[in-house]
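Colleague: Okay, handing you the structure first.
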Amino acid sequence: MRDTATNHDRARKFLAWNPDTCREYIFRWYPWTGEIKPPERIHRVMFLIYVQLAVVALAARPPGHVHPSALPLDAKVHDNGDVSVLMNGEPYFESEGLFFRHNGALYLPRGSPIPSKASQPGQRKQLILERIQRDLKGFDAMGTYTETVIDWSLDTTRVSTGVKVYQGGWIVFSQRFPFGLNLTSTGDENQIISSFPSFRLPENNSVDSRGFVGYKGNMMGYHYRLGPWTSAADKDKGLPDGLDGTGPLIVFEPGAPQPPTVVISPKSAFMATNQVVDNSSHLLGSRSPSSYLRYGIMGRVRELPLNFQAEIILCPDLGINRAMYNWGNLLLRTYDKDRAPPKLDLSLTHMGFATDNGAWYYYQTEEGLSYQDTLMAVKEYSERVGVKYRYLQIDSWWYYQDKESWGAHGVLNWTARPDVFPNGLDFVFNATSWPYVAHNRFWSNKTDYAIQNGGQFRFCMDDKKATPIDPGFWMYLFAYAKKWGVHVYEQDWLFAQFEENHCTLDSVTTAREWLVQMGEAATAHGINIQYCMSWPRHALQSVEIQSVTQARASDDYHPGNDQWRIGVTSIFAHAIGLAPLKDTFWSNSTLRGRYGDDREIAPRLQAAVATLSTGNVSPSDKINWTNVDIVQRCVDSNGKILAPDTPAKILDQAILSGALDPGSKLGEVWASCSEISGFCFPQILNADSPPTTLSFEDVLDTFNYMYRHPGHHSIDDVNTRYHTFLAVDTAAVSLGEPPMKTLQYVSKESPLKLSATNKTDFQLWALSPVLPNEWSFLGEIADKWVPASSRRFSNLVADASGISVTASGGPGETIEVWAVFVGLHEGSDYAEDRQDFASTNGKNIAHCSCTMSNSGTVRISLPIKSIQYRMVKAGAIGVFMVILGSMAFWRPYMRLTNGLKNGGKVFSREKVSFVGGRARKGVGTPWTMARYSTPTCLRNPRDLRNPRNLWNLRHPRSLRHVSVQATGTICCDGSGAQSRKVIFMGTPEFAAPALKALIDSNHEVVAVYSQPPRPAGRGKKLKKSAVQLIAEENGIPVYTPVSLRKKTAQEEFISIEADVVSVAAYGLLLPKPILDAKPFGCINIHPSLLPRWRGAAPLQHTLISGDKETGVCIMQLDEGMDTGNILSTQHYTIPPGTTAGELHDELSVIGAKMLVEAIDCLHALRPGIKQAEEGATHAGKINREDGLLDFKKPADELVNLIHGLSPVPGAYFETRGMAVKVFKAEAEDVPEGLESGIVADNNFLIACGDGTRGLRPLLVQKSGKKPMTLKDFLNGNRFEVGDSI
């Protein structure tokens, strides 16, 4: 839990610490107990309890990224229950005509619009307004609000409607059913049984400048509609509705660059809520029907349970992308779902191979090979050509399906057919090391798992399909899937499972329970979920399900089709925290024969879009036909996708044009962004679009809405920190165009010019900001679709000496990076600047090739040799002032800008050269500034070395151009490293390899610190540490202080001459005087991937928690517990069955090598990368008591505990009066369910947990004995089946 003071501060923010606020909030939970009790009758204890509960809830909630709307809404509730939604005080929506169905009748208020009997059959009855409660204060996850509650009477029962107006500017409409409703169905699932709100739609001939986008159909609403608001009621072109058309509705007005926008969607009951366009309602006395946009519970629901509630949210803001992003944040915050980077989802971070529809191997193998052998051949081919696939997507061809009935072949049994995988799925998984993205579809009503068919689990049966309604089913299925390597469960055909089963349509809760149970079981087994063929309602439901990380946002791939157009659906997916997926693709444009004569005509665009999506990158070419160059532009040599931080989404301007400009085509102009060290690097995709321009404000608006929350830039900061971008078309570069030939300056005076494009001739503009020192880092513009990806680059430093950045990738990978020194200023002639830029013959362009170290990192530095400033407007007085300012004897506190001001002549060809601090004047002579080491302020041209002063140089109009020449590149991979003096601090065996590696390196170990000798063995003789013994063998002085807090010990340490201190499992805390004693401080080997497992026992906790991957970090020590900056990292995949002792040995060797490499490159690696606090975990000290095995826990959990504590201190169980340590074990299925702690077979399998899995010890030790195998243990200790341990 977060700090208590912080929790109370957050509670005060919502409650305003006002007891009356809380009292009013409590009242609304008892609306049908009679009259409202006066506030003084609520006991103060209730108030305090309520506050504490709120504090706990807020503490558990992740910090929200919700910002107040820039365009707040308000609501006016009229005395008849109608509602006016106001924007800027003017009506924006009018809600009228609510109704509810109950006992087969339709209840409406008097004077309300009356729906036709075709849509709402049954008797009409009057809905009576009983009471309106106004100005009720409250708070929830979305903030503080004021609510109006309206109570309605339906003969024998009551309902209420509510309107919450939040302080942040959004509105929530609610329908509440405290006593439920009965006999509600209309018989039409696309209709509704309740209606509130009901927004009046405009007539076709009315004047209304607004437009809309509505999501509809499969793949997150891929078949969306957009158009003018006046066509909203049009059946064919208007708003989507019904089962497949209920999702976020975006309503906007014209405006650039930020159109006023309102997003409307369900906020709860996602699977049960319908959005319906009603064209049949008549007002009393009117002959012509009126049109309404109604929200309510879907029409086939038969009854509503007690206390059921459905809500609709309206979220306004300036900008379509901005409003959608904020809307999504509100939903995520409401349901406590993190918008976290997909660090733990391999399918989102690395490239895989697909066999999906459209793939070469979709229901087809290599000739003469089984599927199993085909996939093994794909593995062999990919390794041969250097394409690093990291997972395998297996589609519906591998499991048992019902082919006798319709149902598109529902699933009978989700196990591998032996004709497809003769050796089983686990064989391919183990042989390739590729985990699976495993496809599944809907369940047949003949499924083997159903009790009705002889199975074990409860299913709801329909004519052709079945829906699992047993939580145990998903736990069983995913436990099985985990065994053979499932990493992502792909749930396809979501719409069919929902639409074609009476259980999900007749019930208001079953569909939600189906998805939530699936998600909870996936979370329990560490499996992620991918949604496919999902309607918008399924995607909305995912905000409650943490394990859903991704969703298909495109149609199925077919060579040459246009399923890459995911710019609109990506807005939706990104808003609710999902990675939008473009389907698989072929990378070769000449491959034919799988689908007739069809071929992929735009493989570059397919690969680029897949990378920009932040979703799966999964080519599916035939063996020997992969275009390696196109594929490798997506990834590094390890197969890691070099994607942006945010998916590419269509720009607001493109949507405005497509919706409001009659006859115009929706241009595919999208934007994404990467952030490196606080600077944003946008990318603009321009594909199949007419020519256009993007203003500087348009470019800023592609990313600045994502920085309106704590920890990021404020809007004002975004608008002021960026003044110029350099844009390079990486798509043109991929065809061989020289990178600099495509360069554009983008600024307030110079927009980005986009050409007319198509699918094969598209543009992909990489925009790099001009940094405070006038450098622009372009990254890998010649080689990657995303040249400045934060997955590749970090710790970007731009100062007066040049630019430096840390790159990561595969060991031995060579990368080429580009950077430019620009030297622009506001108000200059950019066209002439570009000409001058080209005339410098590349002297201000720096690019270099560097090779990764064995740890997969390299620090790249581009230092400056010289800077040239050309004066454009400098009269004689200005020149004299500059010359005088450069003389050593003159030190006025002045700015260079003042020295260059003039009102006289123009010497555009006159240049002045500074050499050694003195100046000379001559036509054509460059003004060159020599480098000096310690400038303090801008007293003379030497002070341009201060980056703050360089930042100010862009303002004076008297300077026009700056160019530089790099002295060369420093690629620090350890070659030619300077020898350093090292103090080594370590104690146990883990530190021994590191000390040996340092002794064998070109560095000098001048002293070793280790803990004092300790009593050991039966004789309790003092035993020196492993590190001390090695040091003494090599004649290195050894120091063994009991503590370093004493002043004498610190003075002794400081007196030792050394450059750096290396620490590896020393065992004593280092006080600040020790940390700061040496020039490079103290660096530490830490055996985990920080910030995960900070603390005393990272190795043990890694295994106990069942982590599949760990690694080693070299970090700069600070005063915190393993919180210092990371200098280098190396990942390590943990083999199954690894013990802490074995992991200790592996990581100690890796850490030793990394330590030497880090000391080799200290000048380049420092200051390192700051650790993120997100995901930090603590590895507390392990005690002997922690090792007691509790057989009531799951067997797999106990196996992890055993391996994590092996060999020290060791896990154990007690039986027959003896303690038995277990050092190795395995988990197996128990043949028949038994109680925990019971021996299940003759080979000592012990039932655990719920009795379905058991633990089998493999290596054990009795007290006072040596470790022994299980066979030897059983020879002396007989256990029978059924014995209790």
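In the structure tokens, chains take the letters A, B, ... in the order shown, each chain's residues start at 1, and ligands count up from 1 in the order shown.
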For range 475-491 of chain A, work out the shell of residues within 6 Å, counting only C-alpha atoms and skipping chain neighbours fewer than 6 positions away, then give it as a list of chain:residue names.
Modeller: A:Leu425, A:Asp426, A:Pro435, A:Tyr436, A:Val437, A:Ala438, A:His439, A:Asn440, A:Ala521, A:Ile527, A:Asn528, A:Ile529, A:Gln530, A:Tyr531, A:Cys532
Colleague: Where in range 420-562 of chain A does DSSP assign alpha helix (DSSP H), given as a PyMOL selection string?
Modeller: chain A and resi 425-432+471-483+494-499+502-506+510-524+536-541
Colleague: Fewer than 2 positions away in the same chain doesn't count, so skip those; otherwise give me all residues within 8 Å of Tyr389 in chain A, counting only C-alpha atoms, as a PyMOL selection string.
Modeller: chain A and resi 350-353+382+387+391-392+434+639
Colleague: Within 8 Å of range 153-157 of chain A, counting only C-alpha atoms, which residues show up once you throw out same-chain ones fewer than 3 positions away? Write them as a ChimeraX atom specification, please.
Modeller: /A:102,107,126-130,179,181
Colleague: Create the file for the chosen residues now, containing N, CA and C atoms and written as a PDB file, in the first residue's frame.
Modeller:
ATOM      1  N   HIS A 102     -41.495  -4.122 -18.446  1.00  0.00           N
ATOM      2  CA  HIS A 102     -41.697  -4.916 -17.235  1.00  0.00           C
ATOM      3  C   HIS A 102     -43.020  -5.657 -17.344  1.00  0.00           C
ATOM      4  N   TYR A 107     -43.411   0.821 -20.351  1.00  0.00           N
ATOM      5  CA  TYR A 107     -43.719   1.959 -19.488  1.00  0.00           C
ATOM      6  C   TYR A 107     -43.011   3.204 -20.020  1.00  0.00           C
ATOM      7  N   GLN A 126     -48.192   3.895 -18.207  1.00  0.00           N
ATOM      8  CA  GLN A 126     -47.566   5.158 -17.833  1.00  0.00           C
ATOM      9  C   GLN A 126     -46.455   4.937 -16.810  1.00  0.00           C
ATOM     10  N   LEU A 127     -45.334   5.566 -17.071  1.00  0.00           N
ATOM     11  CA  LEU A 127     -44.208   5.595 -16.149  1.00  0.00           C
ATOM     12  C   LEU A 127     -44.327   6.874 -15.329  1.00  0.00           C
ATOM     13  N   ILE A 128     -44.445   6.721 -14.011  1.00  0.00           N
ATOM     14  CA  ILE A 128     -44.751   7.867 -13.159  1.00  0.00           C
ATOM     15  C   ILE A 128     -43.479   8.357 -12.462  1.00  0.00           C
ATOM     16  N   LEU A 129     -43.213   9.653 -12.606  1.00  0.00           N
ATOM     17  CA  LEU A 129     -42.079  10.275 -11.923  1.00  0.00           C
ATOM     18  C   LEU A 129     -42.459  10.513 -10.464  1.00  0.00           C
ATOM     19  N   GLU A 130     -41.700   9.940  -9.533  1.00  0.00           N
ATOM     20  CA  GLU A 130     -42.025  10.060  -8.117  1.00  0.00           C
ATOM     21  C   GLU A 130     -41.228  11.151  -7.420  1.00  0.00           C
ATOM     22  N   PHE A 179     -34.893  -3.389  -7.554  1.00  0.00           N
ATOM     23  CA  PHE A 179     -35.746  -4.557  -7.354  1.00  0.00           C
ATOM     24  C   PHE A 179     -35.808  -5.442  -8.597  1.00  0.00           C
ATOM     25  N   LEU A 181     -36.319  -6.352 -12.808  1.00  0.00           N
ATOM     26  CA  LEU A 181     -37.493  -6.310 -13.683  1.00  0.00           C
ATOM     27  C   LEU A 181     -37.745  -7.711 -14.216  1.00  0.00           C
TER      28      LEU A 181
END
Colleague: Got a sec: who's within 7 Å of range 748-758 of chain A, counting only C-alpha atoms, leaving out chain neighbours fewer than 5 positions off, as a list of chain:residue names?
Modeller: A:Asn686, A:Ala687, A:Asp688, A:Ser689, A:Pro690, A:Pro691, A:Thr692, A:Thr693, A:Leu694, A:Ser695, A:Phe696
Colleague: Those selected residues, please, written with N, CA, C and O atoms and delivered as a compact mmCIF listing (two decimals), in the first residue's frame.
Modeller:
# COMPACT_ATOMS: atom_id res chain seq x y z
N ASN A 686 2.07 8.17 -44.42
CA ASN A 686 1.22 8.75 -45.45
C ASN A 686 1.08 7.71 -46.56
O ASN A 686 2.01 7.51 -47.34
N ALA A 687 -0.06 7.01 -46.59
CA ALA A 687 -0.24 5.93 -47.54
C ALA A 687 -1.60 6.04 -48.20
O ALA A 687 -2.61 6.23 -47.52
N ASP A 688 -1.62 5.91 -49.52
CA ASP A 688 -2.87 5.94 -50.28
C ASP A 688 -3.69 7.17 -49.95
O ASP A 688 -4.86 7.09 -49.61
N SER A 689 -3.05 8.34 -50.06
CA SER A 689 -3.68 9.60 -49.66
C SER A 689 -3.39 10.68 -50.70
O SER A 689 -2.37 10.63 -51.40
N PRO A 690 -4.26 11.69 -50.79
CA PRO A 690 -3.98 12.84 -51.65
C PRO A 690 -2.92 13.73 -51.01
O PRO A 690 -2.63 13.61 -49.82
N PRO A 691 -2.35 14.63 -51.76
CA PRO A 691 -1.33 15.52 -51.19
C PRO A 691 -1.93 16.45 -50.15
O PRO A 691 -3.08 16.88 -50.27
N THR A 692 -1.15 16.75 -49.12
CA THR A 692 -1.62 17.65 -48.07
C THR A 692 -0.40 18.17 -47.31
O THR A 692 0.74 17.81 -47.62
N THR A 693 -0.65 19.03 -46.37
CA THR A 693 0.41 19.53 -45.50
C THR A 693 -0.03 19.39 -44.05
O THR A 693 -1.23 19.46 -43.74
N LEU A 694 0.93 19.20 -43.17
CA LEU A 694 0.68 19.17 -41.73
C LEU A 694 1.41 20.34 -41.11
O LEU A 694 2.63 20.48 -41.27
N SER A 695 0.68 21.17 -40.40
CA SER A 695 1.29 22.30 -39.73
C SER A 695 2.11 21.83 -38.54
O SER A 695 2.00 20.67 -38.09
N PHE A 696 2.92 22.71 -38.01
CA PHE A 696 3.71 22.39 -36.83
C PHE A 696 2.80 22.03 -35.66
O PHE A 696 3.08 21.11 -34.89
Colleague: Calculated over only C-alpha atoms, which of the candidates A:Val1156, A:Ala75, A:Ala788, A:Met1218 has the smallest distance to Ser1263 in chain A?
Modeller: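 Closest to Ser1263 in chain A of all the choices is A:Met1218.
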Colleague: Enter the distance from CA of Lys996 in chain A to CA of Pro1012 in chain A, in Å, rounded to one decimal.
Modeller: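 For CA of Lys996 in chain A relative to CA of Pro1012 in chain A, the distance reads 19.8 Å.
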